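Source file protein-v3.cif; content: mmCIF, C-alpha atoms.
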```cif
data_entry
loop_
_atom_site.label_atom_id
_atom_site.label_comp_id
_atom_site.auth_asym_id
_atom_site.auth_seq_id
_atom_site.Cartn_x
_atom_site.Cartn_y
_atom_site.Cartn_z
CA MET A 1 43.69 -13.04 -155.76
CA CYS A 2 41.34 -10.19 -154.89
CA LYS A 3 40.09 -9.91 -158.45
CA SER A 4 38.36 -13.28 -158.24
CA SER A 5 36.28 -12.34 -155.19
CA GLU A 6 35.34 -8.97 -156.68
CA THR A 7 34.19 -10.47 -159.95
CA GLY A 8 32.26 -13.06 -157.97
CA LYS A 9 30.31 -10.25 -156.31
CA ASP A 10 29.68 -8.64 -159.70
CA GLU A 11 28.42 -11.94 -161.11
CA LYS A 12 26.15 -12.39 -158.09
CA LYS A 13 24.57 -9.00 -158.70
CA LYS A 14 23.99 -9.86 -162.34
CA ASP A 15 22.53 -13.29 -161.54
CA ASP A 16 20.11 -11.81 -159.02
CA GLY A 17 18.47 -9.83 -161.81
CA VAL A 18 17.89 -12.85 -164.06
CA LYS A 19 14.24 -13.91 -164.24
CA PRO A 20 13.44 -17.63 -163.99
CA ALA A 21 12.58 -19.29 -167.28
CA LYS A 22 9.02 -20.33 -168.01
CA PHE A 23 8.20 -24.02 -167.89
CA THR A 24 7.47 -24.17 -171.61
CA GLU A 25 10.93 -22.79 -172.35
CA LEU A 26 12.45 -25.98 -170.96
CA PHE A 27 11.30 -27.71 -174.15
CA ARG A 28 12.84 -25.17 -176.52
CA TYR A 29 15.57 -27.64 -177.59
CA ALA A 30 13.29 -30.69 -177.75
CA ASP A 31 13.11 -32.36 -181.15
CA GLY A 32 10.33 -34.52 -182.57
CA VAL A 33 11.57 -37.71 -180.93
CA SER A 34 11.73 -36.04 -177.53
CA MET A 35 8.20 -34.63 -177.81
CA ALA A 36 6.89 -38.04 -178.93
CA ALA A 37 8.46 -39.59 -175.85
CA VAL A 38 6.87 -36.86 -173.70
CA PHE A 39 3.46 -37.60 -175.24
CA VAL A 40 3.77 -41.33 -174.53
CA GLY A 41 4.91 -40.48 -171.01
CA VAL A 42 1.86 -38.27 -170.38
CA VAL A 43 -0.53 -40.98 -171.62
CA SER A 44 1.25 -43.52 -169.42
CA CYS A 45 0.89 -41.17 -166.43
CA VAL A 46 -2.87 -41.04 -167.04
CA PHE A 47 -3.15 -44.83 -166.75
CA ALA A 48 -0.68 -44.91 -163.85
CA GLY A 49 -2.76 -42.35 -161.96
CA ALA A 50 -5.94 -44.36 -162.56
CA THR A 51 -4.55 -47.69 -161.31
CA LEU A 52 -4.36 -46.81 -157.60
CA PRO A 53 -7.99 -45.58 -157.32
CA GLY A 54 -9.01 -48.63 -159.35
CA ILE A 55 -7.24 -50.92 -156.90
CA ASN A 56 -9.35 -49.48 -154.08
CA ILE A 57 -12.55 -50.47 -155.91
CA VAL A 58 -11.30 -53.98 -156.65
CA PHE A 59 -10.03 -54.39 -153.09
CA GLY A 60 -13.45 -53.37 -151.75
CA ASP A 61 -15.15 -55.98 -153.95
CA LEU A 62 -12.59 -58.51 -152.76
CA ILE A 63 -13.41 -57.82 -149.11
CA ASP A 64 -17.14 -58.06 -149.82
CA SER A 65 -16.58 -61.42 -151.51
CA ILE A 66 -14.65 -62.77 -148.53
CA ALA A 67 -17.40 -61.65 -146.14
CA SER A 68 -20.08 -63.44 -148.13
CA PRO A 69 -21.64 -66.48 -146.39
CA THR A 70 -21.82 -68.44 -149.64
CA ASP A 71 -19.08 -70.19 -151.58
CA ILE A 72 -16.66 -67.34 -152.19
CA THR A 73 -14.79 -69.02 -155.05
CA GLU A 74 -17.09 -67.71 -157.77
CA LEU A 75 -17.30 -64.28 -156.16
CA ILE A 76 -13.62 -63.78 -155.45
CA THR A 77 -12.29 -65.00 -158.81
CA PRO A 78 -13.38 -61.91 -160.82
CA ALA A 79 -11.84 -59.64 -158.21
CA ILE A 80 -8.54 -61.54 -158.39
CA TYR A 81 -8.50 -61.33 -162.19
CA ALA A 82 -9.26 -57.61 -162.02
CA MET A 83 -6.40 -57.14 -159.54
CA LEU A 84 -4.02 -58.96 -161.89
CA VAL A 85 -5.12 -56.81 -164.83
CA LEU A 86 -4.63 -53.64 -162.79
CA GLY A 87 -1.20 -54.89 -161.73
CA ALA A 88 -0.19 -55.45 -165.36
CA VAL A 89 -1.54 -52.04 -166.40
CA GLY A 90 0.21 -50.38 -163.46
CA PHE A 91 3.54 -52.02 -164.25
CA THR A 92 3.35 -51.06 -167.93
CA SER A 93 2.17 -47.49 -167.34
CA PHE A 94 4.65 -46.72 -164.55
CA PHE A 95 7.51 -48.20 -166.57
CA PHE A 96 6.78 -46.25 -169.74
CA SER A 97 6.05 -43.00 -167.89
CA PHE A 98 9.41 -42.95 -166.11
CA PHE A 99 11.29 -44.39 -169.09
CA CYS A 100 9.87 -41.97 -171.67
CA PHE A 101 10.26 -38.90 -169.49
CA GLY A 102 13.79 -39.93 -168.51
CA TRP A 103 14.75 -40.49 -172.14
CA ALA A 104 13.21 -37.20 -173.29
CA ALA A 105 14.80 -35.31 -170.38
CA THR A 106 18.23 -36.64 -171.28
CA ARG A 107 17.88 -35.54 -174.91
CA ILE A 108 16.56 -32.10 -173.90
CA ALA A 109 19.34 -31.59 -171.33
CA ASN A 110 21.93 -32.56 -173.94
CA GLY A 111 20.44 -29.91 -176.22
CA PHE A 112 20.95 -27.29 -173.50
CA ARG A 113 24.53 -28.48 -172.97
CA ILE A 114 25.32 -28.20 -176.67
CA GLU A 115 23.78 -24.75 -177.04
CA TYR A 116 25.45 -23.50 -173.87
CA LEU A 117 28.83 -24.76 -175.03
CA LYS A 118 28.31 -23.09 -178.41
CA GLY A 119 27.47 -19.83 -176.65
CA VAL A 120 30.56 -20.08 -174.44
CA LEU A 121 32.85 -20.74 -177.39
CA ARG A 122 31.50 -17.65 -179.17
CA GLN A 123 32.56 -15.37 -176.29
CA ASP A 124 35.60 -13.10 -176.39
CA ALA A 125 38.64 -13.76 -174.24
CA GLN A 126 37.59 -10.94 -171.92
CA HIS A 127 34.56 -12.95 -170.84
CA PHE A 128 36.76 -15.70 -169.43
CA ASP A 129 38.90 -13.17 -167.56
CA HIS A 130 35.89 -12.09 -165.49
CA ALA A 131 34.49 -15.61 -164.94
CA GLU A 132 35.44 -17.52 -161.81
CA PRO A 133 37.64 -20.55 -162.47
CA GLY A 134 35.51 -23.65 -162.77
CA SER A 135 32.17 -21.78 -162.84
CA ILE A 136 31.59 -22.37 -166.55
CA ALA A 137 32.23 -26.10 -166.32
CA LEU A 138 30.09 -26.35 -163.18
CA THR A 139 27.21 -24.50 -164.84
CA LEU A 140 27.51 -26.71 -167.90
CA SER A 141 27.08 -29.85 -165.81
CA ASP A 142 25.03 -28.71 -162.81
CA ALA A 143 22.37 -26.59 -164.49
CA ALA A 144 21.80 -29.11 -167.28
CA PHE A 145 21.51 -31.89 -164.71
CA ASP A 146 18.85 -29.89 -162.83
CA ILE A 147 16.84 -29.57 -166.03
CA GLN A 148 17.24 -33.28 -166.72
CA SER A 149 16.25 -34.25 -163.18
CA GLY A 150 13.23 -31.94 -163.16
CA LEU A 151 11.86 -33.19 -166.50
CA ALA A 152 12.51 -36.86 -165.73
CA ASP A 153 11.20 -38.66 -162.64
CA LYS A 154 10.04 -35.51 -160.83
CA PHE A 155 7.80 -34.39 -163.69
CA ALA A 156 6.50 -37.93 -164.17
CA SER A 157 5.71 -38.26 -160.45
CA MET A 158 3.94 -34.90 -160.49
CA LEU A 159 1.71 -35.92 -163.41
CA GLN A 160 0.97 -39.30 -161.84
CA GLY A 161 -0.02 -37.61 -158.60
CA PHE A 162 -2.22 -35.12 -160.45
CA PHE A 163 -4.13 -37.78 -162.38
CA GLN A 164 -4.37 -39.95 -159.26
CA PHE A 165 -5.93 -36.94 -157.49
CA VAL A 166 -8.42 -36.40 -160.33
CA PHE A 167 -9.47 -40.05 -160.68
CA GLY A 168 -9.49 -40.58 -156.91
CA PHE A 169 -11.86 -37.72 -156.18
CA ALA A 170 -14.01 -38.55 -159.21
CA LEU A 171 -14.56 -42.07 -157.86
CA ALA A 172 -15.01 -40.70 -154.34
CA PHE A 173 -17.79 -38.34 -155.49
CA TYR A 174 -19.39 -41.21 -157.37
CA TYR A 175 -19.45 -43.61 -154.40
CA GLY A 176 -19.76 -41.19 -151.47
CA PRO A 177 -20.27 -37.50 -152.33
CA LEU A 178 -21.10 -36.36 -148.79
CA LEU A 179 -18.08 -38.01 -147.19
CA THR A 180 -15.90 -36.67 -150.01
CA LEU A 181 -17.07 -33.12 -149.37
CA ILE A 182 -16.17 -33.50 -145.69
CA LEU A 183 -12.65 -34.66 -146.57
CA LEU A 184 -12.26 -31.90 -149.17
CA SER A 185 -12.41 -29.37 -146.33
CA LEU A 186 -8.79 -30.27 -145.51
CA VAL A 187 -7.50 -30.23 -149.09
CA PRO A 188 -6.77 -26.45 -149.03
CA PHE A 189 -4.38 -27.05 -146.14
CA LEU A 190 -2.58 -29.66 -148.24
CA GLY A 191 -2.40 -27.25 -151.15
CA ILE A 192 -0.94 -24.45 -149.02
CA ILE A 193 1.66 -26.73 -147.43
CA THR A 194 2.56 -28.21 -150.82
CA TYR A 195 3.04 -24.73 -152.25
CA PHE A 196 5.41 -23.76 -149.45
CA LEU A 197 7.18 -27.11 -149.82
CA ALA A 198 7.78 -26.42 -153.51
CA THR A 199 8.93 -22.84 -153.00
CA TYR A 200 10.59 -22.92 -149.60
CA GLY A 201 14.38 -22.93 -149.60
CA ALA A 202 14.76 -21.93 -153.24
CA GLN A 203 17.00 -19.03 -152.29
CA ASP A 204 18.92 -21.28 -149.90
CA GLY A 205 19.54 -23.66 -152.78
CA VAL A 206 20.85 -20.81 -154.92
CA THR A 207 23.04 -19.63 -152.05
CA GLY A 208 24.45 -23.11 -151.56
CA ARG A 209 25.13 -23.54 -155.25
CA LYS A 210 26.92 -20.20 -155.45
CA ALA A 211 28.98 -21.14 -152.40
CA TYR A 212 30.01 -24.39 -154.08
CA GLU A 213 30.88 -22.48 -157.24
CA SER A 214 33.03 -20.06 -155.24
CA ALA A 215 34.70 -22.95 -153.41
CA GLY A 216 35.39 -24.67 -156.71
CA GLY A 217 36.85 -21.46 -158.12
CA ILE A 218 39.10 -21.04 -155.08
CA ALA A 219 40.31 -24.65 -155.35
CA SER A 220 40.94 -24.40 -159.10
CA GLU A 221 42.73 -21.10 -158.71
CA ALA A 222 44.91 -22.45 -155.90
CA LEU A 223 45.83 -25.62 -157.75
CA SER A 224 46.70 -23.76 -160.94
CA ASN A 225 48.87 -21.24 -159.07
CA MET A 226 50.35 -23.49 -156.43
CA ARG A 227 53.91 -22.17 -156.86
CA THR A 228 52.78 -18.57 -156.37
CA ILE A 229 50.67 -19.46 -153.33
CA MET A 230 53.52 -21.36 -151.72
CA SER A 231 55.96 -18.53 -152.38
CA LEU A 232 53.56 -16.03 -150.75
CA ASN A 233 52.80 -18.45 -147.89
CA ALA A 234 49.06 -18.10 -148.68
CA GLU A 235 48.06 -21.73 -148.09
CA THR A 236 46.26 -20.91 -144.85
CA ASP A 237 44.43 -17.97 -146.43
CA ARG A 238 43.23 -20.05 -149.38
CA SER A 239 42.21 -22.92 -147.09
CA THR A 240 40.29 -20.57 -144.80
CA LYS A 241 38.37 -19.03 -147.70
CA TYR A 242 37.64 -22.47 -149.12
CA ASP A 243 36.31 -23.67 -145.74
CA SER A 244 34.19 -20.55 -145.36
CA GLN A 245 32.44 -21.20 -148.67
CA LEU A 246 31.78 -24.81 -147.72
CA SER A 247 30.42 -23.60 -144.39
CA LYS A 248 27.99 -21.28 -146.22
CA ALA A 249 26.83 -24.16 -148.39
CA GLU A 250 26.38 -26.39 -145.34
CA LYS A 251 24.33 -23.78 -143.45
CA ALA A 252 22.13 -23.20 -146.51
CA ALA A 253 21.57 -26.95 -146.90
CA ILE A 254 20.72 -27.37 -143.19
CA LYS A 255 18.26 -24.46 -143.32
CA GLN A 256 16.63 -25.76 -146.47
CA GLY A 257 16.50 -29.36 -145.22
CA THR A 258 15.00 -28.35 -141.87
CA GLY A 259 12.20 -26.42 -143.54
CA VAL A 260 11.47 -29.18 -146.05
CA ALA A 261 11.41 -31.80 -143.27
CA GLY A 262 8.98 -29.74 -141.21
CA LEU A 263 6.66 -29.09 -144.16
CA THR A 264 6.75 -32.77 -145.15
CA GLY A 265 5.78 -33.70 -141.60
CA LEU A 266 2.85 -31.27 -141.78
CA ILE A 267 1.66 -32.88 -145.02
CA PHE A 268 1.55 -36.31 -143.40
CA LEU A 269 -0.13 -34.81 -140.33
CA VAL A 270 -2.94 -33.41 -142.47
CA ILE A 271 -3.22 -36.70 -144.38
CA PHE A 272 -3.63 -38.74 -141.19
CA VAL A 273 -6.12 -36.19 -139.85
CA MET A 274 -8.07 -36.75 -143.08
CA TYR A 275 -7.94 -40.51 -142.46
CA GLY A 276 -9.23 -40.06 -138.93
CA LEU A 277 -11.98 -37.68 -140.02
CA GLY A 278 -13.00 -40.02 -142.81
CA PHE A 279 -13.17 -43.08 -140.53
CA TRP A 280 -15.09 -41.14 -137.89
CA TYR A 281 -17.67 -39.58 -140.20
CA GLY A 282 -17.92 -42.76 -142.27
CA GLY A 283 -18.76 -44.67 -139.10
CA VAL A 284 -21.40 -42.07 -138.21
CA MET A 285 -22.95 -42.38 -141.67
CA ILE A 286 -22.97 -46.19 -141.47
CA ALA A 287 -24.57 -46.13 -138.01
CA ASP A 288 -27.23 -43.63 -139.07
CA SER A 289 -28.06 -45.50 -142.27
CA THR A 290 -28.18 -48.81 -140.41
CA ASP A 291 -30.54 -47.45 -137.76
CA GLU A 292 -32.77 -45.95 -140.44
CA ALA A 293 -32.79 -49.18 -142.46
CA MET A 294 -33.59 -51.32 -139.43
CA ALA A 295 -36.39 -48.95 -138.42
CA ASN A 296 -37.95 -48.92 -141.88
CA PHE A 297 -37.35 -52.62 -142.60
CA PRO A 298 -37.29 -54.61 -139.33
CA PRO A 299 -36.35 -58.31 -139.29
CA PRO A 300 -39.16 -60.86 -139.85
CA ASP A 301 -41.02 -62.00 -136.74
CA ASN A 302 -39.99 -65.64 -137.23
CA MET A 303 -36.25 -64.85 -137.42
CA PHE A 304 -35.98 -64.52 -133.61
CA ASN A 305 -37.58 -66.12 -130.61
CA GLU A 306 -39.37 -64.11 -127.95
CA ASP A 307 -36.25 -64.15 -125.76
CA GLY A 308 -34.17 -62.55 -128.56
CA THR A 309 -32.29 -65.67 -129.66
CA LEU A 310 -32.25 -66.94 -133.22
CA ASN A 311 -35.12 -69.17 -134.21
CA GLU A 312 -33.59 -72.46 -135.30
CA GLY A 313 -36.71 -73.24 -137.30
CA SER A 314 -36.47 -70.14 -139.50
CA PRO A 315 -35.26 -70.52 -143.10
CA TRP A 316 -32.38 -68.16 -142.41
CA TYR A 317 -30.89 -69.83 -139.35
CA ALA A 318 -28.48 -72.14 -141.21
CA THR A 319 -27.00 -69.28 -143.22
CA ILE A 320 -26.69 -66.94 -140.24
CA ASN A 321 -25.05 -69.70 -138.20
CA LYS A 322 -22.21 -69.88 -140.75
CA THR A 323 -21.27 -66.21 -140.43
CA ALA A 324 -19.58 -64.09 -137.78
CA CYS A 325 -23.01 -62.84 -136.68
CA MET A 326 -23.11 -65.65 -134.13
CA PHE A 327 -20.42 -63.85 -132.12
CA TYR A 328 -22.79 -60.98 -131.28
CA MET A 329 -24.38 -61.43 -127.87
CA ASP A 330 -27.13 -58.77 -127.95
CA THR A 331 -30.20 -59.10 -130.11
CA ALA A 332 -29.93 -55.67 -131.76
CA SER A 333 -26.39 -56.25 -133.06
CA LEU A 334 -27.28 -59.78 -134.12
CA ALA A 335 -30.29 -58.50 -136.06
CA VAL A 336 -28.21 -55.81 -137.81
CA CYS A 337 -25.58 -58.37 -138.79
CA ALA A 338 -28.15 -60.92 -139.97
CA CYS A 339 -30.03 -58.38 -142.08
CA GLY A 340 -26.75 -57.11 -143.55
CA ILE A 341 -25.89 -60.49 -145.12
CA ALA A 342 -25.88 -60.50 -148.92
CA TRP A 343 -28.95 -62.72 -149.11
CA ASP A 344 -29.25 -62.33 -152.86
CA THR A 345 -26.12 -64.48 -153.22
CA VAL A 346 -27.56 -67.28 -151.08
CA GLU A 347 -29.35 -69.95 -153.12
CA ASP A 348 -32.70 -71.50 -152.18
CA VAL A 349 -33.32 -69.03 -149.37
CA THR A 350 -36.16 -66.52 -149.22
CA LEU A 351 -35.00 -62.93 -148.84
CA PRO A 352 -35.75 -61.61 -145.33
CA ASN A 353 -36.22 -58.07 -146.73
CA CYS A 354 -34.90 -56.38 -143.65
CA GLY A 355 -32.24 -53.75 -142.97
CA CYS A 356 -29.60 -53.35 -145.65
CA SER A 357 -30.81 -56.39 -147.60
CA ALA A 358 -34.24 -54.85 -148.17
#
```
What would you get if you wrote out this structure as structure tokens?
Amino acid sequence: MCKSSETGKDEKKKDDGVKPAKFTELFRYADGVSMAAVFVGVVSCVFAGATLPGINIVFGDLIDSIASPTDITELITPAIYAMLVLGAVGFTSFFFSFFCFGWAATRIANGFRIEYLKGVLRQDAQHFDHAEPGSIALTLSDAAFDIQSGLADKFASMLQGFFQFVFGFALAFYYGPLLTLILLSLVPFLGIITYFLATYGAQDGVTGRKAYESAGGIASEALSNMRTIMSLNAETDRSTKYDSQLSKAEKAAIKQGTGVAGLTGLIFLVIFVMYGLGFWYGGVMIADSTDEAMANFPPPDNMFNEDGTLNEGSPWYATINKTACMFYMDTASLAVCACGIAWDTVEDVTLPNCGCSA
């Protein structure tokens, strides 16, 4: 009875000295088919990461088309087709990225299982005397499953997020470099929190796994020696030790889950702060650019009457009257809205050459 717990301590000391494997070593048992699947998965992740930033561009064009005072059918149709194409590309790329990585991960994990089983079968009988009951079978299934899970959907999601980050900021710098630089000031906070999220609780996970292994060994040992345990009246002792190991695993899981939940909440806090900062500074930039445009290119004299109302005799009145500009009560806001209309899309109307339409 005591031998099992002592050997468990010895195994723990040995395991603590084992260095984690490098990421590239996870592919040591990957064959040609597995690496081909990984390649297709990486290419699919590139397209999957580009679809979401692309949707933002198409959605912006779609909103601009809806806000146009002219017949929106011709303007909105290309945006709808582009959205459909992006949807098809997104479906195909996301499907093949998860499918290929899942398939390759299964084959690679099976390779680890086979090699591990071969290594176990080559051991002397003395090795099994010092191993906890059930630990070999648990390692064979649990460790290989961790490798499979990490190389499947988690790795695919990581690559998709990376390429989405690259394409997203590339487009952001292209369309608004100043606003992008402002938002980038908060990215280091996201990086730090993400690092702690990826590393926090690793030791708690190891502790919980070892506790489950010890609990499994206690259960297997008790079930295989039930007659001896009953004759020694050791049921309570075995049950208490089993419960203590489960309690250790539960405490480790609670500690790890609490930390992960808090760090996840911080990530979303920083993200929403970025949204707020972006909306605020974007509004400031729009207001400043609008004021500058209206000062450099004021509305034509015949667009408004002397009292600030729209001149019904101007060539632009009919078009302005069809838009939401008519809801503005003050002359300054009405002038900004009227000059901001996409006049180049309006047929048979002279351009007012004011504000944003100049």
**Polymer residues at most 6 Å from region 92-106 of chain A, all atoms listed in the file, same-chain spacing of 5 or more positions, as a PyMOL selection string** = chain A and resi 34+37-38+41+44-45+47-48+148+151-153
Write the residues you've just listed into a file as a PDB file, keeping the file's coordinate frame, and include C-alpha atoms for each of them.
```pdb
ATOM      1  CA  SER A  34      11.730 -36.040-177.530  1.00  0.00           C
ATOM      2  CA  ALA A  37       8.460 -39.590-175.850  1.00  0.00           C
ATOM      3  CA  VAL A  38       6.870 -36.860-173.700  1.00  0.00           C
ATOM      4  CA  GLY A  41       4.910 -40.480-171.010  1.00  0.00           C
ATOM      5  CA  SER A  44       1.250 -43.520-169.420  1.00  0.00           C
ATOM      6  CA  CYS A  45       0.890 -41.170-166.430  1.00  0.00           C
ATOM      7  CA  PHE A  47      -3.150 -44.830-166.750  1.00  0.00           C
ATOM      8  CA  ALA A  48      -0.680 -44.910-163.850  1.00  0.00           C
ATOM      9  CA  GLN A 148      17.240 -33.280-166.720  1.00  0.00           C
ATOM     10  CA  LEU A 151      11.860 -33.190-166.500  1.00  0.00           C
ATOM     11  CA  ALA A 152      12.510 -36.860-165.730  1.00  0.00           C
ATOM     12  CA  ASP A 153      11.200 -38.660-162.640  1.00  0.00           C
TER      13      ASP A 153
END
```
Quiz item: Can you list, as a PyMOL selection string, every protein, DNA or RNA residue that comes within 8 Å of region 291-301 of chain A when you count all atoms listed in the file, leaving out same-chain residues fewer than 4 positions away?
Solution: chain A and resi 287+335-336+339+352-356+358
Quiz item: Can you tell me, as a list in words, what residues are no more than 10 Å from region 189-203 of chain A when counting only C-alpha atoms, ignoring any on the same chain fewer than 2 positions away?
Solution: Leu184, Ser185, Leu186, Val187, Gly205, Val206, Thr207, Gly208, Arg209, Ala252, Ala253, Lys255, Gln256, Gly257, Thr258, Gly259, Val260, Ala261, Gly262, Leu263, Thr264, Gly265, Leu266, Ile267, Phe268, Leu269, Val270 and Ile271 of chain A
What separates CA of Glu115 (chain A) and CA of Ala30 (chain A) is a distance of 12.1 Å
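Non-sequential neighbours of Cys337 (chain A) (distance at most 10 Å, separation of 4 or more positions within a chain, all atoms listed in the file) are Ile320, Thr323, Ala324, Cys325, Met326, Tyr328, Thr331, Ala332, Ser333, Ile341, Gly355 and Cys356 of chain A.
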Residue contacts of region 244-247 of chain A (10 Å, only C-alpha atoms) excluding same-chain residues fewer than 2 positions away, as a ChimeraX atom specification: /A:208,210-216,218,238-242,249-253
